[in-house]
Structure formats: structure tokens, C-alpha cells
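Below you'll find the structure, written out as C-alpha cells, and then a few comments.
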Amino acid sequence: MAGLSLDLIALQLFAGLALGAIYVLFAIGLSLIFGMLTVVNFAHGAFYMVGAYVGVYILMLGGDFWICLIAVPLLVGLFGVAVERVLIRPLYGRGIDYPLLLTFGLSYVMVEFVRIAFGKTGFPFDTPEILQGAVNIGVGYFPLYRLFVIGATATVLLALWLFLEKTSFGLIIRAGARDPQIVRVLGVDVARVWLIVFGIGTAIAGFAGLLAAPLQGVIPEMGGTILAEAFVVTVVGGMGSIGGAVLAGLLVGVVVSMTSLFAPEMAKVSIFALMAVVLIIRPQGFFGRAGLMS
Amino acid sequence: MNKITKPGSISRRRLLTTVSAGAALTVSPFRINLLQAQEATIKIGFPVPLTGPYGTEAQDQVRAGQLAIAQFNDAGGLGGRKAELVVRDDKLNPGEAATRTLELVEKEKVNFVVGSLSAAVQLAINNVTKERGIIFNSISQSDAINEAADFSKFTFHEALNPHLTSGAVGRYAFSKFGKKVAFLTADYAYGHEMVRGFLDVGKAFNIENLGDIRHPLGTSDFSTLLPRIQALKPDILCISNFGRDQQIVLKQATDFGVKKTTQIIAPLLSHASRVAAGPQAFEGVIGGCSFYWGIEDKFASTKAFNDAFRKMYDGKLPTDYGALGYGGVRTVLTAVKNAGSVDTDKVIAAMEALKYDFYKGPQYYRKCDHQSVQSVLVIRSKSKDMKNESDVFDVINTDEPNEANLRTCAELGHKS
Amino acid sequence: MSWFQFATRHRASIAGLVVLVFPLVMPFTALAVNILIYGLYALGFNLVYGYLGLLSFGHAALFGTGAYLCGIAIVHFALPWYAAIALGILGGLLMAALIGVLAIRTRGIYFAMVTMALSQCVYYLFYQAVDWTGGENGLRGINVRVIDIFGIKLNFINPLTRYYVIAAFVIAAFFVLSRILASPFGAVIEAVRENETRAKASGYDATVTRLITFVLSGGFCGLAGALQALHLSIVPIEILHYDTSGVVVMIALLGGMGTFFGPMIGAAAFLLLENLVSVWTVHWQLIVGAVFMICVLFFPAGIWGTLISRGKP
């Protein structure tokens with residue numbers, strides 16, 4: 001193979017980390033929501049897409065990228081809170097499938113709304129000026145913006161970890177993920193907790209969408225493919241496990257990246273095959289709860 | 001009306017009654033037919049992807065098709081018989097396209113079908129129409145539709161095919177920018193056909209094929225492929241993909257700095273993609289297209305088409321896809337007029353005999369595969385010196401109509 | 001007896017009757033055929049979701065395999081139409097066995113994810129096998145003009161004839177399903193869904209039951225796929241995409257899971273809605289999505305399920 005060298009492989013690895021970073025952000029939200037609410041959010045991709053479009057809108061109004069970084073997760077998170085309250089809450093207790101089905105229908109509606117509001121063709125999204133260009137990271141030139149994505153993801157992960165480990169609300173979330181009954185018995189308003197968790201999960205998804213926008217532009221359908229890929233990540237990492245989502249997200253990013261190097265046509269299949277294998281050997285994923293089997 | 005209401009505030013009964021009333025209206029025999037079906041109107045079925053990512057292009061096709069119909073009717077039609085465009089949404093899905101074509105043929109009883117915007121869709125439509133003896137004039141790119149397996153005497157192809165397009169761009173680029181060529185190709189029929197065309201024409205120029213890197217359809221991240229390509233140090237990077245994929249890869253290639261050392265060429269550059277991706281991503285990229293409004297300086301027919309389109313649609317200019325819609329419908333209607341009837345065999349003969357210049361210069365249909373022999377424009381994207389907001393390309397070369405640029409009839413499997 | 005009891009006793013016959021007069025009230029015949037086919041597809045899916053309680057997001061693989069095998073039989077092997085249909089059914093059964101064996105040990109959300117993953121693998125495999133399947137361009141050339149039944153030649157191009165031939169198969173499938181559900185095995189299926197522990201205690205192997213049900217489901221979906229191939233004369237690659245799996249989920253819920261007529265009614269409602277809305281606006285996905293959400297929220301038993309619960313004494 002022409003030009004294959006250690007440098008190239010290292011560069012591919014870095015590209016894989018950048019790719020994985022987006023997967024990680026997306027999958028964390030999914031995992032959080034599933035871990036706490038036992039809801040598989042089929043509209044997660046739509047929230048991701050909405051995040052990108054909110055960014056587009058803010059830019060249209062004259063704002064800049066840095067404002068978007070704050071505003072997008074806030075606005076998307078608020079929207080997520082509204083969705084949970086109005087659409088998903090009525091379905092608790094009806095069985096694990098109903099929220100899944102509802103969010104599935106919701107994704108169709110959200111995508112179409114965006115099409116109506118912003119048109120079908122999508123928008124280009126320019127990389128912010130400061131972050132354009134490439135830097136020499138030792139093994140070659142790597143786009144500065146992708147380094148930023150890795151950095152931003154790491155920051156969000158750190159913030160999330162601090163929130164979960166060091167605050168009392170985080171404690172409730174962790175307890176609630178392990179045993180919602182007891183938490184309720186202890187007098188905590190579980191409904192409010194779930195509301196906030198859903199908001200946080202969707203906010204992170206919107207943030208991921210914003211980060212992804214300069215990489216690939218913005219179209220109404222951008223949530224569909226990443227959703228399927230993120231399910232792979234969530235299942236491989238273990239539903240409900242943040243650590244699992246991080247590890248699996250990076251792993252999937254690297255797998256796609258390395259497969260692209262040797263056999264690009266197999267890049268897409270590789271992650272689904274990976275998922276199938278993991279599920280057969282270790283159905284709960286890396287760090288998932290074993291109890292989820294039945 | 002479509003508000004999502006809080007639980008309990010609309011009674012189930014109200015909801016049910018409204019829905020069943022709507023359903024009853026659907027199935028009642030007195031359904032309002034939007035397009036009045038007059039006796040003996042010449043109907044042309046027009047399945048195009050109104051929903052989905054190419055909705056804009058499809059709507060342009062419809063507009064241009066309607067223009068052709070209007071011109072035919074205003075000129076008196078066929079001895080007073082008017083024509084009508086029966087538009088349907090194929091949703092860019094071959095299965096849906098087949099269903100719509102069945103509806104057009106069986107229920108609407110269309111005389112002819114023109115349309116489609118993807119290879120898979122046109123092949124699906126073609127399969128349905130040829131089994132029922134209906135003429136189908138396809139207006140989107142495909143190499144397969146010329147081949148013997150899919151072809152039938154009822155099949156016509158107004159649009160370019162990948163071989164023709166890549167040949168035109170290759171002939172221009174390989175003579176100017178260097179011999180070391182790398183390929184980045186979408187892993188599906190369209191991509192493969194384009195690369196095949198490039199390699200074919202590249203033989204004559206002795207190009208050095210540095211490698212063909214395939215990417216799956218719908219790739220949103222090329223960061224894993226671009227470093228590899230840059231490491232090959234190509235003079236020319238030939239990117240064969242379409243629509244979304246093309247917009248993304250051009251954007252990312254720009255970000256990675258590929259354009260500094262390499263000339264990027266693409267087989268096809270569409271107006272809609274250029275607008276969607278923005279000037280930065282497309283800047284300096286060279287590619288092919290079937291039509292650009294800017295050639296009105298060269299051809300009277302283009303000027304006439306542009307003016308008529310501007311008049312009918314508030315000053316808008318037609319795009320490449322629009323022109324195909326226009327050409328596809330107008331050739332059929334002209335053949336009908338020449339044949340003096342809508343009888344299929346007579347119209348086929350008239351189309352085969354047709355020598356026309358409707359929007360871009362002289363064209364005609366080759367006998368063995370009904371491929372429209374036409375010019376191919378080589379264009380370069382630009383962002384400065386724009387005469388108006390539609391002036392996004394410069395035409396830097398034209399491949400004149402020449403059967404030698406097509407694959408031979410024998411190659412395609414046609415017996416002579 | 002109440003109309004409900006009467007209907008339940010003669011459900012297959014009533015269904016057959018409706019199917020017979022159907023094309024006369026539909027906007028166009030090809031749509032009626034699509035409804036039948038998707039109804040059958042949903043019927044197969046319903047066996048697994050409605051009766052067994054397993055949410056599968058990979059049923060497109062079964063539907064698509066049936067379609068492709070039928071098409072390949074005709075295009076590449078020039079087999080007669082009945083052999084092609086038989087191959088389609090066989091394809092559905094085998095693919096279901098393959099996926100089932102790998103997936104059946106998982107439950108709940110995991111089952112949905114595994115089936116989706118495996119189904120996507122099938123999609124990519126068929127996509128790459130261009131020489132057999134036509135790849136992205138789809139399989140063309142499934143041109144059956146004449147259906148020859150014991151010397152009687154039927155013109156398959158004629159829309160009504162095509163409808164009735166396909167309807168015959170669908171009606172037959174209705175009968176077979178009716179027999180299965182009424183059989184002891186049918187009772188075991190419901191037992192496993194209602195209370196697995198107890199079913200196991202009674203000596204029934206839950207895993208084997210699930211697997212067999214899944215495979216049977218594949219047979220019905222495979223038949224639906226084969227009929228679709230004959231109807232459209234093509235097999236598009238999209239038939240294996242997860243969107244097709246999603247559509248059958250929507251249809252099953254819309255119609256009413258775990259009911260006999262639900263799937264067919266769901267298919268009719270869904271396709272009619274899509275067809276109707278598409279005429280008036282390009283934003284049909286909005287309406288379809290909204291209707292679906294309304295069903296999930298207010299009518300979880302689906303159209304038919306809700307009607308039945310009203311009619312029950």
C-alpha cells in the first residue's frame with residue numbers, strides 16, 4: 001500500500017480520536033438517559049441536529065461561535081426538558097417500548113419541522129476563524145479544529161464527572177441509576193430528577209451537533225446515521241454506563257478510522273459487526289449492568 | 001391544527017371522528033382530482049424526488065417541465081389537444097418510484113413518462129414502463145440505463161451518463177495539470193462508473209494511477225482518508241461522489257489544505273450543491289455539467305430558454321437539472337407533434353429521427369441505446385467577478401457532441 | 001353471540017372478504033397491493049412483537065431476503081414464479097433462523113439493538129454482492145407477465161389480476177397464521193410472553209419457543225417480500241435498510257399489536273395516510289410522525305385494538 005508509515009497510522013489514530021469524540025458526546029447523553037430513565041431516546045439524533053441548526057440560527061442573527069457553545073446546549077436542553085415533561089412522562093409505567101416508540105415518531109416530526117423552517121438543502125458551517133488551519137502534531141499536520149473538538153469533549157467529560165461525583169444532585173443521579181425505587185422511598189422527587197437528566201442528555205447531544213457542524217455542514221438528516229452508530233457505541237460500552245460510553249465511543253472512532261485505512265468499504269460494516277460480536281460474547285457490553293438481560 | 005396537545009384535553013372520540021371523516025374522503029369515489037383530467041389530454045407522468053435531499057433540484061425540474069408543456073400548449077398542442085404534466089413524488093426511493101409509476105400508468109393512464117433524479121430510481125421506473133410499453137425519457141445520470149440488460153426500445157436518456165461526463169473532465173484536466181492522479185470514490189455504482197470513465201480517458205494521456213480510495217456512501221467524515229491521499233502527493237485528485245458526500249469532502253479537503261498542492265476535479269458539479277456548500281468549499285474545483293445558463297452568449301436556444309424561464313418564474317434562472325427537465329419533456333412533445341399522434345411506435349420513430357437544439361446546442365438520440373448525444377461543459381467554481389447571484393461557475397471548456405465519446409454500442413451489449 | 005365473538009370465530013373468513021373488495025375502494029390498485037404486502041409483512045412482525053412481546057428492529061432483513069431470493073431466482077436462474085415465491089419464503093425462514101440464533105438470548109432493548117445491527121450487516125452484504133443483487137441500483141428484470149396456474153393463463157400485468165393473485169397468497173397466509181395461533185403452540189407463545197417462569201415450570205423451553213416463533217415470522221415476511229418483488233418487478237436495496245424495519249414497527253403499533261387484523265389495518269392506515277398527505281403537502285413525514293406519536297400517547301392499542309376493546313362485552 002502506497003505511503004503507509006507509522007506517521008500515517010498515528011495520524012489516522014488521531015483522526016479516530018476526533019471522530020470518536022463526537023460519538024462519545026452523543027453516546028453519553030443516550031447512556032445517561034437510558035441509565036436513569038430506562039428510555040431509549042430514538043430522537044437523540046434529532047436533538048443533535050437541532051443543536052447544529054440552533055447554531056446556524058445564532059450565527060444568522062449575528063452571534064459568533066463562542067456564544068453558540070454556551071447557548072446551544074442551554075436551548076436544546078430546555079427543549080429536551082419540555083419534551084420529557086409533555087410527551088415522555090405520560091408513558092412511564094407502560095413498558096419499556098413506549099418511550100422508544102414515541103421518540104421514534106418524534107424524530108420524524110423534529111426533522112420535518114427543521115426542513116420547513118430552514119429548507120431541505122442544509123447549510124454550510126464555516127470553521128471559526130481562530131480554529132482554521134492545521135498544526136504540526138509531530139507525526140504530521142492535523143486540523144486545529146479537530147484538536148479543539150477533542151479538547152472540548154474532554155472538558156465536557158470532566159465537567160460531567162465533577163457534577164456526578166462531587167455534587168449532591170450527581171449523587172442522586174447515580175443512586176437513581178442503580179435503584180430508582182429506593183431513591184423514591186427516600187423522598188426524592190424522582191420525576192424532577194428524570195426531567196433534568198433528560199435535559200442534560202439532550203443538551204450534550206445538541207452540543208455535539210454544534211461541534212460536528214463545521215466538520216460536515218448541517219442538513220436535516222444528519223441525525224439519522226449517527227444515531228445508528230451511537231447505538232453501537234452505547235451497546236458496546238454498556239447501556240447506562242458513562243465510562244463505557246467514553247471507552248466505546250473512542251474505540252468505535254478508532255475502529256472506523258483504522259478500517260478506512262485498510263479497507264474503506266468495510267468501515268461501516270465493521271462497527272455493526274463489532275457490536276454483534278460484543279453482544280454475543282458479553283451482552284451487557286463493557287460496563288453495563290448484567291441485570292439488563294431480562 | 002397539528003399541535004401536540006396535553007393528555008386528556010382532546011377527547012378520543014373527537015379525534016376518532018375527525019380521522020375517520022378524513023379517511024372516508026380518501027376512499028370515496030368523488031375524490032377531488034387536483035389536476036383536471038380532460039378527455040384526450042396528452043399526459044406526461046413526471047416522477048421526481050420532491051421530498052428528500054434533492055427536493056430543490058426536483059422542483060426545478062418540475063418548473064422547467066411545466067415550461068415545456070406551456071410552450072407546447074400555447075403553440076396549439078397536437079391539433080388542439082393539450083398536454084399536461086402529472087407530477088408525483090418518488091421520494092428518491094426506487095420502490096416508491098415503481099409504485100408511483102404503476103399509479104401513473106395504470107390509473108392516470110399517462111401516455112409517456114419523463115423524470116427521475118437518481119440512477120436506482122430511473123432504472124426502477126424504466127423496468128415498470130418498458131414492461132407496459134410506455135416511453136420513458138430519463139433525465140438523470142446513469143451508465144446502466146444504456147446497457148442492453150436494462151434498455152428497451154421505449155427507453156430514452158436525455159441526461160448525460162458518467163462515462164461521458166468523466167471523459168470530458170478527464171480530457172481537459174489530464175492535459176493540463178499533471179500525470180499523477182489519485183482517486184477518491186464513493187463506493188456505489190455511480191462512483192465506480194465515473195472512475196471507470198476517468199481511467200478510460202486517462203489511458204490516452206498516460207496518467208499514473210496513484211490509487212483509488214473508496215469511501216462508503218453517506219460518509220460524513222473524510223478526516224481518516226485525506227491524510228492518506230495527501231501522502232500520495234498527487235497532481236490531480238479526482239473525487240467521484242455526489243450531493244452531500246461531495247459537499248462534505250470538498251469542505252474537508254479545503255480545511256486539510258489539499259488545494260494548495262493538488263487540483264481537485266469532480267465529474268459533476270451541480271448548481272444546488274455549489275450553493276449549499278458555499279463558495280469556499282468549491283473554490284477552484286473543476287468539474288462537468290450538462291448545462292449552465294451562462295452559455296446563452298453562445299447559443300440562441302439557451303437565451304430563448306433562459307428568457308422564457310425568467311418570464312415564467314419571476315426572474316429565476318434555470319439550473320442544470322431544470323434544463324434536463326425541460327429537454328426531457330420538450331423532446332417527447334416535439335416527437336408527438338412530428339409524428340402527429342401519441343401512438344407509441346410512431347413517437348419512438350419520431351424521437352429517433354429528431355435533431356434538436358432546445359437549450360444548449362445541437363443534440364440527437366443515438367439509435368442503439370437512445371442516448372442523447374450532446375455537449376458536456378467543463379466548469380470551474382468561482383466566488384469573485386459574479387455577474388449575479390447565479391453566476392457561480394465559469395465555463396472553461398466544452399466537449400462538443402460526439403458519439404466517439406460514448407461507450408460503443410457493442411460495449412454496452414447491443415446487437416447491431 | 002355478540003358481533004365480537006362472531007368476528008373472532010370467523011376472523012380469517014371476514015378478512016378474506018375484505019381483501020376481495022378492497023381494490024375497488026382504494027385510490028389506485030398498486031396502492032391496494034402495497035397495503036396487502038405491508039399488511040402481511042406487519043403480520044409476520046406482529047407474531048414476534050404482538051404475540052411474543054419482542055421488539056425487533058431488524059425485520060427488514062427478513063422482508064428483504066425474501067424479496068431478493070425471489071428476484072434472483074427469476075432474474076439469474078429463470079425459475080418459474082411459484083418456485084421463486086417458495087424460495088422467497090425459504091429465504092425468510094433461513095435468515096430468521098440465522099438472526100434468531102444469534103439474537104434470541106437477549107431481551108428487551110438489547111434484542112432491538114442486536115436485530116438492528118445484524119439487519120444492517122445483511123444490508124451491507126447484499127449491497128456489496130452487486131453481481132447478484134444489482135447493489136445500489138437494485139435488482140431489475142423481475143418481469144413476470146403471465147401467471148400459469150394449471151393451464152389457466154393470467155395476465156399479471158393487468159392491475160386487478162395482479163392484485164387478486166397476490167391477495168390469494170395473503171389470504172392463504174392469514175389462514176396459516178390463524179391455524180398457528182389457534183394451535184397448542186399458539187397458546188405456548190402467549191404463555192411465554194405472559195409469564196416466562198411459569199411456562200418454563202410447565203415444561204416449555206422458552207428460548208426454543210422464541211426461536212421457532214421468530215423463524216415462522218421470517219416465513220411470513222419472506223413471502224411478503226417475494227410478492228413485493230413480483231409486484232414492483234424490482235427489488236430496491238432500500239428494502240433492507242433500517243427505515244424499512246422502522247416502518248413495520250409504526251404500522252404494527254398503528255394497527256394494534258397482538259391482534260389478528262391489526263397489522264393489516266395498520267398497513268392500510270399508514271399507506272393511505274402517506275398517500276393522501278403526499279398529495280397535499282411535501283411534509284408528509286410531519287403528519288405521519290405526529291399521528292404515530294398520538295397513537296403512542298393515546299391509542300397504544302392501535303386503531304384496531306382500541307375498536308376491539310370497545311366492542312368487548
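Chain labels run A, B, ... following the order of the C-alpha cells; each chain numbers its residues from 1, and ligands are numbered from 1 in the order shown.
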Can I get the residues of chain A within 8 Å of chain B, each with the closest pair of atoms and their distance in Å to one decimal, using only C-alpha atoms, sorted chain first then ascending number, as CSV?
```
residue,atom,partner,partner_atom,distance
A:Ala2,CA,B:Leu232,CA,7.0
A:Gly3,CA,B:Ala231,CA,6.1
A:Leu4,CA,B:Arg228,CA,7.9
A:Leu8,CA,B:Arg228,CA,6.9
A:Leu11,CA,B:Pro227,CA,7.5
A:Gln12,CA,B:Thr224,CA,5.6
A:Ala15,CA,B:Thr224,CA,5.7
A:Gly16,CA,B:Thr224,CA,7.1
A:Leu19,CA,B:Asp221,CA,7.6
A:Val86,CA,B:Lys6,CA,6.7
A:Pro90,CA,B:Pro7,CA,7.7
A:Lys120,CA,B:Pro53,CA,6.0
A:Thr121,CA,B:Pro53,CA,6.0
A:Gly122,CA,B:Ala276,CA,6.4
A:Phe123,CA,B:Ala276,CA,5.8
A:Pro124,CA,B:Ala277,CA,5.1
A:Gln132,CA,B:Asp255,CA,7.2
A:Gly133,CA,B:Asp255,CA,6.4
A:Ala134,CA,B:Phe256,CA,6.9
A:Phe142,CA,B:Phe256,CA,7.7
A:Pro143,CA,B:Phe256,CA,6.4
A:Leu215,CA,B:Gln252,CA,6.9
A:Gln216,CA,B:Ile248,CA,5.2
A:Gly217,CA,B:Ile248,CA,6.7
A:Ser257,CA,B:Thr224,CA,5.4
A:Met258,CA,B:Thr224,CA,7.8
A:Ser260,CA,B:Thr224,CA,6.5
A:Leu261,CA,B:Leu225,CA,6.9
A:Pro264,CA,B:His215,CA,5.5
A:Glu265,CA,B:Pro216,CA,5.6
A:Ala267,CA,B:Pro216,CA,7.5
A:Lys268,CA,B:Pro216,CA,7.2
```
List as a ChimeraX atom specification the protein and nucleic acid residues near B:Ala70, meaning an atom at most 12 Å away when only C-alpha atoms are counted, but skip any in the same chain fewer than 5 places from it. /B:63-65,75-77,82-85,308-309,312,326,329-330,333
Given the selection you just returned, output its residues as a file containing C-alpha atoms, formatted as an mmCIF file, in the first residue's frame.
```cif
data_model
loop_
_atom_site.group_PDB
_atom_site.id
_atom_site.type_symbol
_atom_site.label_atom_id
_atom_site.label_comp_id
_atom_site.auth_asym_id
_atom_site.auth_seq_id
_atom_site.Cartn_x
_atom_site.Cartn_y
_atom_site.Cartn_z
ATOM 1 C CA ARG B 63 -40.745 24.175 -13.160
ATOM 2 C CA ALA B 64 -38.817 23.605 -16.341
ATOM 3 C CA GLY B 65 -41.053 20.707 -17.358
ATOM 4 C CA ALA B 75 -48.358 26.733 -29.827
ATOM 5 C CA GLY B 76 -51.639 24.864 -30.293
ATOM 6 C CA GLY B 77 -50.694 21.489 -28.902
ATOM 7 C CA LYS B 82 -53.217 19.974 -24.904
ATOM 8 C CA ALA B 83 -50.523 18.367 -22.819
ATOM 9 C CA GLU B 84 -50.396 18.033 -19.054
ATOM 10 C CA LEU B 85 -47.638 17.220 -16.599
ATOM 11 C CA ALA B 308 -38.820 32.087 -21.163
ATOM 12 C CA PHE B 309 -37.895 30.622 -17.776
ATOM 13 C CA MET B 312 -42.497 32.377 -16.182
ATOM 14 C CA TYR B 326 -37.189 20.960 -19.951
ATOM 15 C CA VAL B 329 -40.391 16.876 -21.803
ATOM 16 C CA ARG B 330 -39.859 19.018 -24.874
ATOM 17 C CA LEU B 333 -43.753 16.617 -27.110
#
```
Step one, run DSSP on the backbone; step two, keep only residues of stretch 89-131 of chain B assigned to strand (DSSP E or B); then write them as a ChimeraX atom specification. /B:89,112-115
Restrict the distance test to only C-alpha atoms, flag each residue of chain C within 6 Å of chain B, and return the flagged residues as a ChimeraX atom specification. /C:25-26,137,232,236
Distance filter 8 Å, only C-alpha atoms, chain A against chain C, as a PyMOL selection string: chain A and resi 40+87+90-91+96-98+101-102+105-110+112-113+116+231-232+235+269+272-273+275-276+279-280+283+293-294
Find the residues near A:Val39: any atom within 8 Å, counting only C-alpha atoms, skip ones fewer than 5 places away on the same chain, and give them as a PyMOL selection string. chain A and resi 33-34+96+99-100
Considering only C-alpha atoms, return as a short mmCIF file (atom, residue, chain, number, x, y, z; two decimals) with N, CA and C atoms, in the first residue's frame whatever protein or nucleic-acid residues lie within 9 Å of stretch 283-300 of chain B, sequence-local ones (same chain, fewer than 6 positions apart) excluded.
```
data_model
loop_
_atom_site.label_atom_id
_atom_site.label_comp_id
_atom_site.auth_asym_id
_atom_site.auth_seq_id
_atom_site.Cartn_x
_atom_site.Cartn_y
_atom_site.Cartn_z
N ALA B 159 -30.36 12.75 -20.31
CA ALA B 159 -29.26 13.25 -19.47
C ALA B 159 -27.91 12.69 -19.92
N LEU B 160 -26.88 13.22 -19.30
CA LEU B 160 -25.55 12.69 -19.53
C LEU B 160 -25.39 11.36 -18.83
N THR B 165 -19.44 12.25 -18.96
CA THR B 165 -19.07 13.36 -18.10
C THR B 165 -17.63 13.25 -17.65
N SER B 166 -17.26 12.08 -17.12
CA SER B 166 -15.89 11.93 -16.63
C SER B 166 -14.92 12.04 -17.80
N ALA B 168 -15.18 13.95 -20.44
CA ALA B 168 -14.98 15.35 -20.77
C ALA B 168 -14.04 16.03 -19.78
N VAL B 169 -14.29 15.82 -18.51
CA VAL B 169 -13.46 16.45 -17.48
C VAL B 169 -12.05 15.89 -17.52
N ALA B 173 -8.59 17.95 -17.87
CA ALA B 173 -7.67 18.03 -16.73
C ALA B 173 -6.36 17.32 -16.98
N LEU B 250 -15.42 18.18 -0.18
CA LEU B 250 -14.77 19.39 -0.68
C LEU B 250 -14.48 20.35 0.46
N THR B 254 -10.69 21.25 1.67
CA THR B 254 -10.25 22.63 1.79
C THR B 254 -9.60 22.85 3.15
N LYS B 259 -6.00 21.73 -1.52
CA LYS B 259 -6.00 22.55 -2.72
C LYS B 259 -4.66 23.27 -2.93
N GLN B 263 -4.81 19.83 -7.77
CA GLN B 263 -6.01 20.30 -8.44
C GLN B 263 -7.11 19.26 -8.21
N ILE B 264 -8.21 19.73 -7.66
CA ILE B 264 -9.32 18.81 -7.43
C ILE B 264 -10.26 18.86 -8.63
N ILE B 265 -10.59 17.68 -9.14
CA ILE B 265 -11.59 17.62 -10.20
C ILE B 265 -12.72 16.68 -9.77
N ALA B 266 -13.89 16.96 -10.27
CA ALA B 266 -15.05 16.12 -9.98
C ALA B 266 -15.79 15.88 -11.27
N PRO B 267 -16.41 14.74 -11.43
CA PRO B 267 -17.09 14.52 -12.70
C PRO B 267 -18.25 15.48 -12.89
N LEU B 268 -18.98 15.74 -11.81
CA LEU B 268 -20.18 16.55 -11.94
C LEU B 268 -20.22 17.60 -10.85
N LEU B 269 -20.46 18.85 -11.24
CA LEU B 269 -20.69 19.90 -10.25
C LEU B 269 -22.09 20.44 -10.48
N SER B 270 -22.91 20.32 -9.47
CA SER B 270 -24.27 20.80 -9.66
C SER B 270 -24.46 22.15 -8.99
N HIS B 271 -25.33 22.94 -9.57
CA HIS B 271 -25.59 24.28 -9.08
C HIS B 271 -26.05 24.23 -7.62
N ASN B 306 -33.59 30.60 -21.33
CA ASN B 306 -33.40 31.42 -20.13
C ASN B 306 -34.48 32.49 -20.03
N LEU B 317 -33.28 31.93 -12.82
CA LEU B 317 -32.59 31.30 -13.93
C LEU B 317 -32.65 29.78 -13.80
N PRO B 318 -32.72 29.07 -14.93
CA PRO B 318 -32.78 27.60 -14.82
C PRO B 318 -31.42 27.02 -14.46
N THR B 319 -31.44 25.91 -13.74
CA THR B 319 -30.19 25.24 -13.39
C THR B 319 -30.00 24.02 -14.29
N ASP B 320 -28.91 23.31 -14.03
CA ASP B 320 -28.61 22.13 -14.83
C ASP B 320 -29.75 21.12 -14.81
N TYR B 321 -30.27 20.83 -13.60
CA TYR B 321 -31.36 19.86 -13.52
C TYR B 321 -32.63 20.37 -14.16
N ALA B 323 -32.81 22.32 -16.73
CA ALA B 323 -32.68 22.20 -18.17
C ALA B 323 -33.00 20.79 -18.64
N LEU B 324 -32.59 19.80 -17.85
CA LEU B 324 -32.88 18.42 -18.22
C LEU B 324 -34.38 18.15 -18.19
N TYR B 359 -31.93 23.85 -25.83
CA TYR B 359 -31.46 24.67 -24.71
C TYR B 359 -29.95 24.77 -24.58
N LYS B 360 -29.20 23.98 -25.39
CA LYS B 360 -27.75 24.05 -25.21
C LYS B 360 -26.98 23.72 -26.48
N GLY B 361 -27.64 23.79 -27.58
CA GLY B 361 -26.91 23.44 -28.79
C GLY B 361 -27.44 22.15 -29.37
N GLN B 374 -24.68 14.80 -26.93
CA GLN B 374 -24.75 16.23 -26.60
C GLN B 374 -23.41 16.73 -26.10
N SER B 375 -23.34 18.03 -25.88
CA SER B 375 -22.10 18.60 -25.40
C SER B 375 -21.98 18.41 -23.89
N VAL B 376 -20.75 18.44 -23.42
CA VAL B 376 -20.52 18.42 -21.97
C VAL B 376 -19.72 19.67 -21.63
N LEU B 377 -20.16 20.41 -20.64
CA LEU B 377 -19.45 21.63 -20.25
C LEU B 377 -18.46 21.31 -19.15
N VAL B 378 -17.24 21.85 -19.29
CA VAL B 378 -16.29 21.75 -18.19
C VAL B 378 -16.29 23.10 -17.48
N ILE B 379 -16.58 23.06 -16.19
CA ILE B 379 -16.76 24.32 -15.45
C ILE B 379 -15.82 24.38 -14.25
N ARG B 380 -15.57 25.64 -13.84
CA ARG B 380 -14.79 25.84 -12.62
C ARG B 380 -15.60 26.73 -11.69
N SER B 381 -15.62 26.35 -10.43
CA SER B 381 -16.38 27.14 -9.47
C SER B 381 -15.64 28.44 -9.17
N LYS B 382 -16.41 29.50 -8.97
CA LYS B 382 -15.77 30.78 -8.66
C LYS B 382 -16.56 31.52 -7.61
N SER B 383 -15.91 32.50 -6.97
CA SER B 383 -16.63 33.31 -5.99
C SER B 383 -16.40 34.80 -6.19
N SER B 390 -26.48 33.97 -9.44
CA SER B 390 -26.45 32.64 -10.03
C SER B 390 -25.17 32.38 -10.77
N ASP B 391 -24.29 33.39 -10.87
CA ASP B 391 -23.08 33.22 -11.66
C ASP B 391 -22.00 32.57 -10.81
N PHE B 393 -20.27 29.64 -11.72
CA PHE B 393 -19.30 28.84 -12.46
C PHE B 393 -18.76 29.61 -13.65
N ASP B 394 -17.55 29.28 -14.06
CA ASP B 394 -17.01 29.72 -15.34
C ASP B 394 -16.94 28.50 -16.24
N VAL B 395 -17.40 28.65 -17.48
CA VAL B 395 -17.27 27.53 -18.42
C VAL B 395 -15.90 27.64 -19.05
N ILE B 396 -15.03 26.70 -18.74
CA ILE B 396 -13.66 26.81 -19.25
C ILE B 396 -13.39 25.93 -20.46
#
```
May I have the residues within 9 Å of A:Gly77 as a list in words, using only C-alpha atoms and disregarding those fewer than 2 positions away in the same chain?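 Once the nearby chain positions are removed, what remains is Phe47, Val72, Pro73, Leu74, Leu75, Phe79, Gly80, Val81, Ala82, Ile196, Phe198, Gly199, Ile200, Gly201, Thr202, Ala203, Ile204, Ala205 and Gly206 of chain A.
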